[in-house]
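Dumped structure05.txt below, it's compact mmCIF, C-alpha atoms and all ligand atoms:
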# COMPACT_ATOMS: atom_id res chain seq x y z
CA MET A 11 66.40 78.83 163.08
CA PRO A 12 66.34 82.11 161.05
CA ALA A 13 69.42 84.33 161.17
CA PRO A 14 69.32 87.19 163.71
CA LEU A 15 68.84 90.77 162.59
CA ALA A 16 71.84 93.11 162.43
CA LEU A 17 71.15 96.45 164.16
CA THR A 18 73.65 99.18 163.33
CA SER A 19 74.97 101.62 165.88
CA GLY A 20 73.74 104.78 164.18
CA ASP A 21 75.07 107.94 165.81
CA PRO A 22 75.73 106.92 169.44
CA ALA A 23 75.28 110.55 170.52
CA GLY A 24 71.64 110.30 169.44
CA ILE A 25 68.87 108.16 170.85
CA GLY A 26 70.09 104.96 169.14
CA PRO A 27 71.72 103.35 172.21
CA GLU A 28 68.73 104.05 174.45
CA LEU A 29 66.29 102.75 171.81
CA SER A 30 68.38 99.63 171.25
CA PHE A 31 68.24 98.84 174.96
CA LYS A 32 64.48 99.44 175.08
CA ALA A 33 63.97 97.30 171.97
CA TRP A 34 65.89 94.47 173.60
CA THR A 35 63.63 94.71 176.65
CA ALA A 36 60.56 94.49 174.41
CA LEU A 37 61.74 91.77 172.06
CA ASN A 38 64.25 89.58 173.89
CA ASP A 39 61.90 86.63 174.21
CA ARG A 40 60.85 86.52 170.56
CA LEU A 41 63.10 88.24 168.00
CA PRO A 42 66.89 87.79 168.04
CA PHE A 43 69.00 90.74 166.97
CA TYR A 44 72.45 92.10 167.74
CA LEU A 45 73.79 95.61 167.98
CA ILE A 46 77.02 96.52 166.21
CA SER A 47 78.69 99.03 168.50
CA ASP A 48 81.43 99.61 171.06
CA ILE A 49 80.49 97.49 174.06
CA ASP A 50 82.88 99.33 176.38
CA ARG A 51 81.50 102.77 175.54
CA LEU A 52 77.92 101.49 175.89
CA GLY A 53 78.63 100.28 179.41
CA ALA A 54 77.72 103.42 181.35
CA LEU A 55 74.30 103.80 179.74
CA ALA A 56 73.63 100.08 180.07
CA GLU A 57 74.40 100.30 183.76
CA LYS A 58 72.32 103.42 184.24
CA THR A 59 69.30 101.84 182.52
CA ARG A 60 69.99 98.43 184.06
CA THR A 61 70.10 96.77 180.66
CA PRO A 62 72.25 93.66 180.50
CA ILE A 63 74.56 93.61 177.49
CA ARG A 64 76.55 90.61 176.28
CA ALA A 65 79.52 90.49 173.93
CA ILE A 66 79.24 88.13 170.99
CA GLY A 67 81.96 87.16 168.54
CA ALA A 68 79.71 86.31 165.56
CA PRO A 69 76.11 87.05 164.52
CA GLY A 70 74.90 83.48 165.08
CA GLU A 71 75.75 83.70 168.79
CA ALA A 72 73.02 86.30 169.25
CA ILE A 73 70.30 83.67 169.29
CA ALA A 74 71.60 81.86 172.37
CA VAL A 75 72.59 85.07 174.17
CA MET A 76 69.43 87.10 173.50
CA ALA A 77 67.53 85.96 176.59
CA ASP A 78 70.36 87.03 178.91
CA GLY A 79 71.21 90.44 177.51
CA LEU A 80 71.44 92.61 174.41
CA PRO A 81 73.98 90.90 172.13
CA VAL A 82 76.65 93.39 171.10
CA LEU A 83 79.13 92.69 168.33
CA HIS A 84 82.03 94.86 169.42
CA ARG A 85 83.54 97.40 167.06
CA PRO A 86 85.82 100.01 168.58
CA PHE A 87 84.72 103.65 168.36
CA ALA A 88 87.27 106.45 168.63
CA ALA A 89 85.48 108.72 171.09
CA SER A 90 83.12 108.42 174.03
CA PHE A 91 79.35 108.41 173.56
CA THR A 92 78.05 111.74 174.84
CA PRO A 93 74.28 112.14 174.47
CA GLY A 94 73.40 115.17 172.38
CA ALA A 95 77.02 115.90 171.43
CA PRO A 96 77.94 114.11 168.20
CA ASP A 97 81.67 113.56 167.82
CA PRO A 98 83.10 113.60 164.28
CA ALA A 99 85.78 111.17 165.43
CA ASN A 100 83.11 108.46 165.61
CA ALA A 101 82.00 108.93 162.00
CA PRO A 102 84.26 106.18 160.55
CA ALA A 103 82.99 103.59 163.05
CA ILE A 104 79.35 104.57 162.41
CA ILE A 105 79.90 103.95 158.71
CA ASP A 106 81.87 100.77 159.40
CA ALA A 107 78.93 99.35 161.39
CA ILE A 108 76.63 99.82 158.39
CA GLU A 109 79.13 98.16 156.08
CA LEU A 110 79.55 95.22 158.44
CA ALA A 111 75.80 94.72 158.77
CA VAL A 112 75.47 94.66 155.00
CA ASP A 113 78.31 92.12 154.77
CA HIS A 114 76.50 89.94 157.29
CA ALA A 115 73.21 90.16 155.41
CA GLN A 116 74.87 89.42 152.08
CA ALA A 117 76.57 86.37 153.60
CA GLY A 118 73.30 85.13 155.11
CA LEU A 119 74.61 85.61 158.66
CA ALA A 120 71.96 88.29 159.34
CA GLY A 121 68.35 88.02 158.22
CA ALA A 122 68.10 91.77 157.60
CA VAL A 123 69.82 95.06 158.33
CA VAL A 124 68.04 97.45 160.69
CA THR A 125 69.66 100.86 160.94
CA ASN A 126 69.70 103.24 163.87
CA PRO A 127 69.56 106.91 162.83
CA ILE A 128 72.61 108.71 161.50
CA ASN A 129 73.35 112.37 161.00
CA LYS A 130 74.34 112.64 157.38
CA ALA A 131 76.00 116.05 157.72
CA GLY A 132 78.02 114.77 160.69
CA LEU A 133 79.27 111.77 158.73
CA LYS A 134 80.29 114.02 155.87
CA ALA A 135 82.19 116.31 158.21
CA GLY A 136 83.81 113.46 160.15
CA ALA A 137 84.55 110.95 157.41
CA GLY A 138 83.77 112.54 154.06
CA PHE A 139 80.61 110.42 153.77
CA ALA A 140 79.54 110.98 150.18
CA PHE A 141 75.93 109.82 150.41
CA PRO A 142 72.80 111.77 151.32
CA GLY A 143 71.42 108.90 153.42
CA HIS A 144 71.42 105.20 154.20
CA THR A 145 69.22 104.47 151.18
CA GLU A 146 71.79 105.64 148.67
CA PHE A 147 74.73 104.22 150.65
CA LEU A 148 73.15 100.78 150.93
CA ALA A 149 72.41 100.77 147.20
CA ASP A 150 76.05 101.57 146.53
CA LEU A 151 77.27 98.84 148.89
CA CYS A 152 74.95 96.34 147.22
CA GLY A 153 75.80 97.46 143.68
CA THR A 154 72.24 98.46 142.80
CA SER A 155 71.28 101.70 141.15
CA ASP A 156 67.58 102.23 141.79
CA PRO A 157 66.84 102.00 145.51
CA VAL A 158 63.34 102.96 146.55
CA MET A 159 62.45 104.42 149.95
CA LEU A 160 59.13 103.12 151.23
CA LEU A 161 57.73 104.23 154.56
CA ALA A 162 55.11 101.97 156.07
CA ALA A 163 52.72 102.52 158.97
CA PRO A 164 49.53 100.63 159.77
CA GLU A 165 47.38 103.24 158.02
CA LEU A 166 49.57 104.35 155.14
CA ARG A 167 52.48 103.42 152.91
CA VAL A 168 54.31 106.08 150.93
CA VAL A 169 57.19 106.24 148.47
CA PRO A 170 58.96 109.46 147.50
CA ALA A 171 59.99 109.23 143.83
CA THR A 172 62.85 111.64 144.41
CA ILE A 173 64.54 111.43 147.79
CA HIS A 174 67.31 113.49 149.31
CA ILE A 175 67.59 116.38 146.88
CA ALA A 176 66.87 120.08 147.06
CA LEU A 177 63.29 121.04 146.30
CA GLN A 178 64.47 123.26 143.46
CA ASP A 179 66.07 120.21 141.78
CA VAL A 180 62.91 118.06 141.88
CA PRO A 181 61.32 119.20 138.57
CA GLU A 182 64.53 118.55 136.68
CA GLN A 183 65.14 115.14 138.26
CA LEU A 184 61.57 113.98 137.82
CA THR A 185 61.77 112.02 134.59
CA ALA A 186 59.42 109.46 133.06
CA ASP A 187 62.17 106.82 133.18
CA GLY A 188 62.96 107.50 136.83
CA LEU A 189 59.32 107.52 137.87
CA GLU A 190 58.64 104.34 135.93
CA ALA A 191 61.49 102.59 137.76
CA VAL A 192 60.11 103.74 141.12
CA ILE A 193 56.57 102.58 140.31
CA ARG A 194 57.74 99.20 139.07
CA GLN A 195 60.01 98.71 142.09
CA THR A 196 57.17 99.72 144.41
CA HIS A 197 54.76 97.35 142.70
CA ALA A 198 57.23 94.46 142.94
CA GLY A 199 58.07 95.24 146.57
CA LEU A 200 54.42 95.34 147.60
CA GLN A 201 53.92 91.95 145.99
CA ARG A 202 57.07 90.28 147.23
CA ASP A 203 57.54 91.74 150.67
CA PHE A 204 54.06 92.82 151.69
CA GLY A 205 52.12 89.93 150.15
CA ILE A 206 49.77 92.17 148.13
CA ALA A 207 48.94 90.24 144.96
CA ALA A 208 47.55 93.17 142.95
CA PRO A 209 48.84 96.39 144.51
CA ARG A 210 46.72 99.53 144.14
CA ILE A 211 49.07 102.47 143.77
CA ALA A 212 48.02 106.11 143.95
CA VAL A 213 50.37 108.55 142.26
CA ALA A 214 50.53 112.19 143.32
CA GLY A 215 50.92 115.11 140.98
CA LEU A 216 53.85 117.44 141.43
CA ASN A 217 52.00 120.73 141.33
CA PRO A 218 49.06 122.19 143.26
CA HIS A 219 45.78 120.57 142.13
CA ALA A 220 47.89 118.15 140.08
CA GLY A 221 48.58 121.04 137.74
CA GLU A 222 44.95 122.15 137.17
CA ASP A 223 45.02 121.09 133.50
CA GLY A 224 48.39 122.69 132.96
CA ARG A 225 47.66 126.06 134.53
CA PHE A 226 49.98 125.45 137.50
CA GLY A 227 52.63 123.32 135.84
CA LYS A 228 53.00 120.84 133.01
CA GLN A 229 54.70 117.79 134.57
CA GLU A 230 51.36 116.02 135.06
CA ILE A 231 50.45 116.39 131.38
CA GLU A 232 53.88 115.85 129.91
CA ILE A 233 55.41 113.20 132.20
CA ILE A 234 53.15 111.61 134.77
CA SER A 235 49.85 110.99 132.93
CA PRO A 236 51.36 109.46 129.78
CA LEU A 237 53.48 107.15 131.92
CA LEU A 238 50.53 106.05 134.04
CA ASP A 239 48.45 105.41 130.92
CA ARG A 240 51.20 103.22 129.50
CA LEU A 241 51.63 101.24 132.73
CA ARG A 242 47.85 100.87 133.14
CA ALA A 243 47.76 99.32 129.67
CA GLU A 244 50.08 96.65 131.07
CA GLY A 245 47.58 95.94 133.84
CA LEU A 246 49.04 97.90 136.77
CA ASP A 247 46.37 99.32 139.07
CA LEU A 248 47.37 102.97 139.15
CA ARG A 249 45.34 106.05 139.94
CA GLY A 250 46.43 109.60 139.41
CA PRO A 251 48.10 111.94 139.06
CA LEU A 252 46.14 113.02 142.13
CA PRO A 253 46.19 116.38 143.89
CA ALA A 254 48.48 115.70 146.85
CA ASP A 255 46.46 117.75 149.31
CA THR A 256 43.38 115.51 149.08
CA MET A 257 44.85 112.03 148.73
CA PHE A 258 45.75 111.36 152.37
CA HIS A 259 42.46 111.70 154.25
CA ALA A 260 41.01 108.49 155.65
CA ARG A 261 38.56 107.68 152.83
CA ALA A 262 41.16 108.36 150.16
CA ARG A 263 43.73 106.18 151.93
CA ALA A 264 41.30 103.27 151.92
CA SER A 265 41.39 103.22 148.12
CA TYR A 266 45.08 102.36 147.68
CA ASP A 267 47.90 100.27 149.15
CA CYS A 268 50.69 102.78 148.60
CA ALA A 269 51.05 106.40 147.54
CA VAL A 270 53.93 107.27 145.22
CA CYS A 271 54.79 110.93 145.72
CA MET A 272 57.00 113.23 143.73
CA TYR A 273 59.35 114.44 146.45
CA HIS A 274 60.49 113.68 150.00
CA ASP A 275 58.21 115.88 152.09
CA GLN A 276 55.12 115.24 149.98
CA ALA A 277 55.42 111.61 151.07
CA LEU A 278 56.93 111.87 154.53
CA ILE A 279 54.84 114.66 156.02
CA PRO A 280 51.57 112.71 155.83
CA ILE A 281 52.99 109.48 157.26
CA LYS A 282 55.01 111.12 160.04
CA THR A 283 51.99 113.24 160.95
CA LEU A 284 49.63 110.27 160.98
CA ASP A 285 51.85 107.85 162.86
CA PHE A 286 55.34 109.10 163.76
CA ASP A 287 55.71 106.39 166.38
CA ARG A 288 55.01 103.39 164.19
CA GLY A 289 56.40 104.43 160.83
CA VAL A 290 59.09 102.18 159.38
CA ASN A 291 61.45 103.00 156.54
CA VAL A 292 62.04 100.06 154.18
CA THR A 293 64.52 100.12 151.31
CA LEU A 294 63.17 98.32 148.25
CA GLY A 295 65.32 97.20 145.35
CA LEU A 296 68.25 95.82 147.34
CA PRO A 297 69.31 92.18 147.32
CA ILE A 298 69.16 92.35 151.13
CA LEU A 299 66.42 93.50 153.49
CA ARG A 300 66.76 96.82 155.30
CA THR A 301 64.39 98.63 157.64
CA SER A 302 64.81 101.63 159.93
CA PRO A 303 62.77 103.74 162.31
CA ASP A 304 61.21 106.77 160.61
CA HIS A 305 62.81 109.32 162.93
CA GLY A 306 66.26 110.78 163.24
CA THR A 307 68.95 111.10 165.88
CA ALA A 308 66.81 113.32 168.16
CA TYR A 309 69.85 114.93 169.84
CA ASP A 310 67.48 117.24 171.72
CA ILE A 311 66.24 114.38 173.91
CA ALA A 312 69.24 112.03 173.87
CA GLY A 313 70.27 110.78 177.29
CA GLN A 314 67.03 111.82 178.99
CA GLY A 315 65.42 108.38 178.97
CA ILE A 316 62.28 109.68 177.26
CA ALA A 317 62.82 108.50 173.68
CA ARG A 318 60.02 106.28 172.40
CA PRO A 319 61.27 102.95 171.04
CA ASP A 320 58.06 102.15 169.13
CA SER A 321 59.39 102.93 165.67
CA LEU A 322 62.62 100.95 166.17
CA ILE A 323 60.62 98.05 167.58
CA ALA A 324 58.28 98.23 164.57
CA ALA A 325 61.33 98.31 162.27
CA LEU A 326 62.79 95.21 163.91
CA GLU A 327 59.45 93.41 163.83
CA LEU A 328 58.85 94.25 160.19
CA ALA A 329 62.39 93.15 159.29
CA GLY A 330 61.71 89.84 161.04
CA GLN A 331 58.44 89.39 159.14
CA LEU A 332 59.99 90.27 155.79
CA ALA A 333 62.91 87.92 156.42
CA ALA A 334 60.53 85.12 157.35
CA ARG A 335 58.43 85.76 154.23
CA ARG A 336 61.47 85.76 151.94
CA GLY A 337 62.77 82.63 153.66
CA ALA A 338 59.43 80.93 153.13
CA VAL A 339 59.23 81.72 149.43
CA SER A 340 62.88 81.38 148.37
N1 LIG B 401 67.15 106.85 159.32
C1 LIG B 401 67.94 107.88 159.58
O1 LIG B 401 69.14 107.73 159.68
C2 LIG B 401 67.36 109.26 159.77
C3 LIG B 401 66.00 109.53 159.60
C4 LIG B 401 65.55 110.85 159.78
C5 LIG B 401 66.44 111.85 160.13
N2 LIG B 401 67.76 111.52 160.29
C6 LIG B 401 68.74 112.52 160.74
O2 LIG B 401 68.48 112.87 162.09
C7 LIG B 401 68.95 114.19 162.34
C8 LIG B 401 67.92 114.96 163.11
O3 LIG B 401 66.77 115.13 162.29
P1 LIG B 401 65.44 115.85 162.74
O4 LIG B 401 65.69 116.69 163.95
O5 LIG B 401 64.85 116.44 161.54
O6 LIG B 401 64.45 114.67 163.09
P2 LIG B 401 64.33 113.77 164.39
O7 LIG B 401 63.42 112.67 163.99
O8 LIG B 401 65.66 113.38 164.91
O9 LIG B 401 63.61 114.67 165.50
C9 LIG B 401 62.41 115.38 165.24
C10 LIG B 401 61.66 115.60 166.57
O10 LIG B 401 61.07 114.37 166.95
C11 LIG B 401 61.53 113.96 168.24
N3 LIG B 401 61.76 112.51 168.20
C12 LIG B 401 62.40 111.85 167.23
N4 LIG B 401 62.44 110.55 167.52
C13 LIG B 401 61.82 110.38 168.69
C14 LIG B 401 61.55 109.26 169.53
N5 LIG B 401 61.92 108.01 169.17
N6 LIG B 401 60.89 109.46 170.68
C15 LIG B 401 60.50 110.69 171.03
N7 LIG B 401 60.72 111.80 170.30
C16 LIG B 401 61.38 111.65 169.12
C17 LIG B 401 62.82 114.72 168.48
O11 LIG B 401 63.07 114.88 169.85
C18 LIG B 401 62.56 116.02 167.72
O12 LIG B 401 61.86 116.90 168.55
C19 LIG B 401 69.32 114.76 160.97
O13 LIG B 401 70.71 114.76 160.86
C20 LIG B 401 68.70 113.81 159.96
O14 LIG B 401 69.44 113.67 158.80
C21 LIG B 401 68.22 110.27 160.15
N1 LIG B 402 64.37 110.47 154.54
C1 LIG B 402 64.31 109.79 155.78
C2 LIG B 402 63.44 110.49 156.75
O1 LIG B 402 63.34 111.71 156.68
O2 LIG B 402 62.91 109.83 157.63
C3 LIG B 402 65.64 109.73 156.41
O3 LIG B 402 66.41 110.82 156.03
C4 LIG B 402 66.27 108.45 156.35
O4 LIG B 402 66.83 108.24 155.11
P1 LIG B 402 67.83 107.03 154.97
O5 LIG B 402 67.09 105.81 155.39
O6 LIG B 402 68.16 107.03 153.55
O7 LIG B 402 68.98 107.37 155.86

Rewritten as structure tokens:
Amino acid sequence: MPAPLALTSGDPAGIGPELSFKAWTALNDRLPFYLISDIDRLGALAEKTRTPIRAIGAPGEAIAVMADGLPVLHRPFAASFTPGAPDPANAPAIIDAIELAVDHAQAGLAGAVVTNPINKAGLKAGAGFAFPGHTEFLADLCGTSDPVMLLAAPELRVVPATIHIALQDVPEQLTADGLEAVIRQTHAGLQRDFGIAAPRIAVAGLNPHAGEDGRFGKQEIEIISPLLDRLRAEGLDLRGPLPADTMFHARARASYDCAVCMYHDQALIPIKTLDFDRGVNVTLGLPILRTSPDHGTAYDIAGQGIARPDSLIAALELAGQLAARRGAVS
């Protein structure tokens, strides 16, 4: 029996609790997972939504309990869960839930970590959280230095080569070494976790029209093209640097398995526009598996019962598939 998936609390003032309940309703007969949260503070919402919740003492108990209710591994939170009103006092417990899930995955007690959305600024204010997002925090917890953020939907996969940094810092941080690491990690992840034997990777330019032969910027000529030529000589199937504005229409998408983009929004705007509901965020380059929905805390709709669970369900399903694939090949 594979290990259950560890689902972190995320910010309980966001839509995480509601989505976790809805995901249990959708998956309870086929994919065991457990939520790390405060079972007492979840009680009111569980009652309101008529979702049964069950306390467990260890991850392995989730499998037997799953059919009866959402398994919850209790961790005390400092303040009540008020939809739409994040409380800085809960920041330490939100972080603690992520750390515990990683411990479980590293110990083999959880098949993968699936994270509910956090508010990074809130965690910084409430607990001095020093990381710009889960991706960087998980890499730190796992002792790895080059995490890669891949977002996957049925019609598109994208990777931003630089992640949570200011747009004005992108040109400086875009180096041949950094981009090479991202492309290699992406290539390996597509092979290992997505079962694509010879991944076709499209690489975006940084500038409009991929620089227009240097008229609108030189990064394509000085950094990206020489790197792609070198990696192509090794046999990697790479195209680009491509103008970013024309590489995401349907015919273009059919020609590659993943698009590596130069900065966050260049990658995430197309995928969230195409399929916000089914996008899944996967962290490559960790010794453990981690997926997440592609959306945030959505405070504006928290507590209204209207949040769509599709992306969290897709994240749990993909985590289950990746865990099964790794289990089958390791
Ligand atoms: N994985 C993560 O932890 C993660 C991912 C993205 C954003 N965030 C954080 O979330 C916070 C809010 O970010 P934002 O407002 O830019 O993005 P958001 O994704 O929270 O919300 C954007 C819009 O989409 C709607 N929306 C989001 N998820 C939805 C769902 N499941 N069903 C229906 N509607 C949904 C929201 O109501 C809102 O109108 C920020 O602090 C950001 O850092 C966290
Ligand atoms: N960049 C992600 C997005 O916009 O969807 C999001 O911030 C999540 O990042 P982490 O998984 O690193 O928290």

Closest of A:Arg336, A:Arg202, A:Lys228, A:Arg51 to Thr92 of chain A, counting all atoms listed in the file, is A:Arg51

Name the residues, by chain letter and number, that sit within 10 Å of ligand LIG 401 (chain B) using only C-alpha atoms and all ligand atoms, and give them as a count of residues only. 49

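Between Ala334 of chain A and the residues A:Gly295, A:Ala13, A:Gly224, A:Pro164, the shortest atom-to-atom distance, using all atoms listed in the file, involves A:Ala13.
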
Within 6 Å of segment 65-68 of chain A, counting all atoms listed in the file, which residues show up once you throw out same-chain ones fewer than 4 positions away? Write them as number ranges by chain, please. A: 81-83

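For the choices A:Leu41, A:Leu216, A:Gly245, A:Asn100, the atom-to-atom distance to Leu177 of chain A is smallest for A:Leu216 when using only C-alpha atoms.
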
Find, counting all atoms listed in the file, the residue in A:Leu119, A:Ile234, A:Leu332, A:Ala103 that gets nearest to Leu294 of chain A. A:Leu332

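Neighbours of Ala115 of chain A closer than or equal to 10 Å, with all atoms listed in the file counted and sequence neighbours fewer than 6 positions away skipped, come out as Ala13, Pro14, Leu15, Ala16, Glu109, Gly121, Ala122, Val123, Pro297, Ile298, Leu299 and Arg300 of chain A.
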
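With all atoms listed in the file as the atoms that count, the residue of A:Thr172, A:Asn217, A:Thr185, A:Asn38 with the shortest distance to ligand LIG 402 (chain B) is A:Thr172.
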
Please report the interatomic distance between atom CA of Leu246 of chain A and atom CA of Glu190 of chain A in Å with one decimal. 11.6 Å

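Distance check against Ile46 of chain A using only C-alpha atoms: of A:Arg263, A:Arg85, A:His197, A:Arg242, the minimum falls on A:Arg85.
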
Please provide as a PyMOL selection string all residues within 12 Å of Glu230 of chain A, with the sequence filter that same-chain residues fewer than 3 positions apart are discarded (counting only C-alpha atoms). chain A and resi 181+184-186+189+213-227+233-239+250-253+272

Go ahead and write the selection's residues with C-alpha atoms as a PDB file, in the frame of the given file.
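Saved file selection28.pdb follows:
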ATOM      1  CA  PRO A 181      61.320 119.200 138.570  1.00  0.00           C
ATOM      2  CA  LEU A 184      61.570 113.980 137.820  1.00  0.00           C
ATOM      3  CA  THR A 185      61.770 112.020 134.590  1.00  0.00           C
ATOM      4  CA  ALA A 186      59.420 109.460 133.060  1.00  0.00           C
ATOM      5  CA  LEU A 189      59.320 107.520 137.870  1.00  0.00           C
ATOM      6  CA  VAL A 213      50.370 108.550 142.260  1.00  0.00           C
ATOM      7  CA  ALA A 214      50.530 112.190 143.320  1.00  0.00           C
ATOM      8  CA  GLY A 215      50.920 115.110 140.980  1.00  0.00           C
ATOM      9  CA  LEU A 216      53.850 117.440 141.430  1.00  0.00           C
ATOM     10  CA  ASN A 217      52.000 120.730 141.330  1.00  0.00           C
ATOM     11  CA  PRO A 218      49.060 122.190 143.260  1.00  0.00           C
ATOM     12  CA  HIS A 219      45.780 120.570 142.130  1.00  0.00           C
ATOM     13  CA  ALA A 220      47.890 118.150 140.080  1.00  0.00           C
ATOM     14  CA  GLY A 221      48.580 121.040 137.740  1.00  0.00           C
ATOM     15  CA  GLU A 222      44.950 122.150 137.170  1.00  0.00           C
ATOM     16  CA  ASP A 223      45.020 121.090 133.500  1.00  0.00           C
ATOM     17  CA  GLY A 224      48.390 122.690 132.960  1.00  0.00           C
ATOM     18  CA  ARG A 225      47.660 126.060 134.530  1.00  0.00           C
ATOM     19  CA  PHE A 226      49.980 125.450 137.500  1.00  0.00           C
ATOM     20  CA  GLY A 227      52.630 123.320 135.840  1.00  0.00           C
ATOM     21  CA  ILE A 233      55.410 113.200 132.200  1.00  0.00           C
ATOM     22  CA  ILE A 234      53.150 111.610 134.770  1.00  0.00           C
ATOM     23  CA  SER A 235      49.850 110.990 132.930  1.00  0.00           C
ATOM     24  CA  PRO A 236      51.360 109.460 129.780  1.00  0.00           C
ATOM     25  CA  LEU A 237      53.480 107.150 131.920  1.00  0.00           C
ATOM     26  CA  LEU A 238      50.530 106.050 134.040  1.00  0.00           C
ATOM     27  CA  ASP A 239      48.450 105.410 130.920  1.00  0.00           C
ATOM     28  CA  GLY A 250      46.430 109.600 139.410  1.00  0.00           C
ATOM     29  CA  PRO A 251      48.100 111.940 139.060  1.00  0.00           C
ATOM     30  CA  LEU A 252      46.140 113.020 142.130  1.00  0.00           C
ATOM     31  CA  PRO A 253      46.190 116.380 143.890  1.00  0.00           C
ATOM     32  CA  MET A 272      57.000 113.230 143.730  1.00  0.00           C
TER      33      MET A 272
END
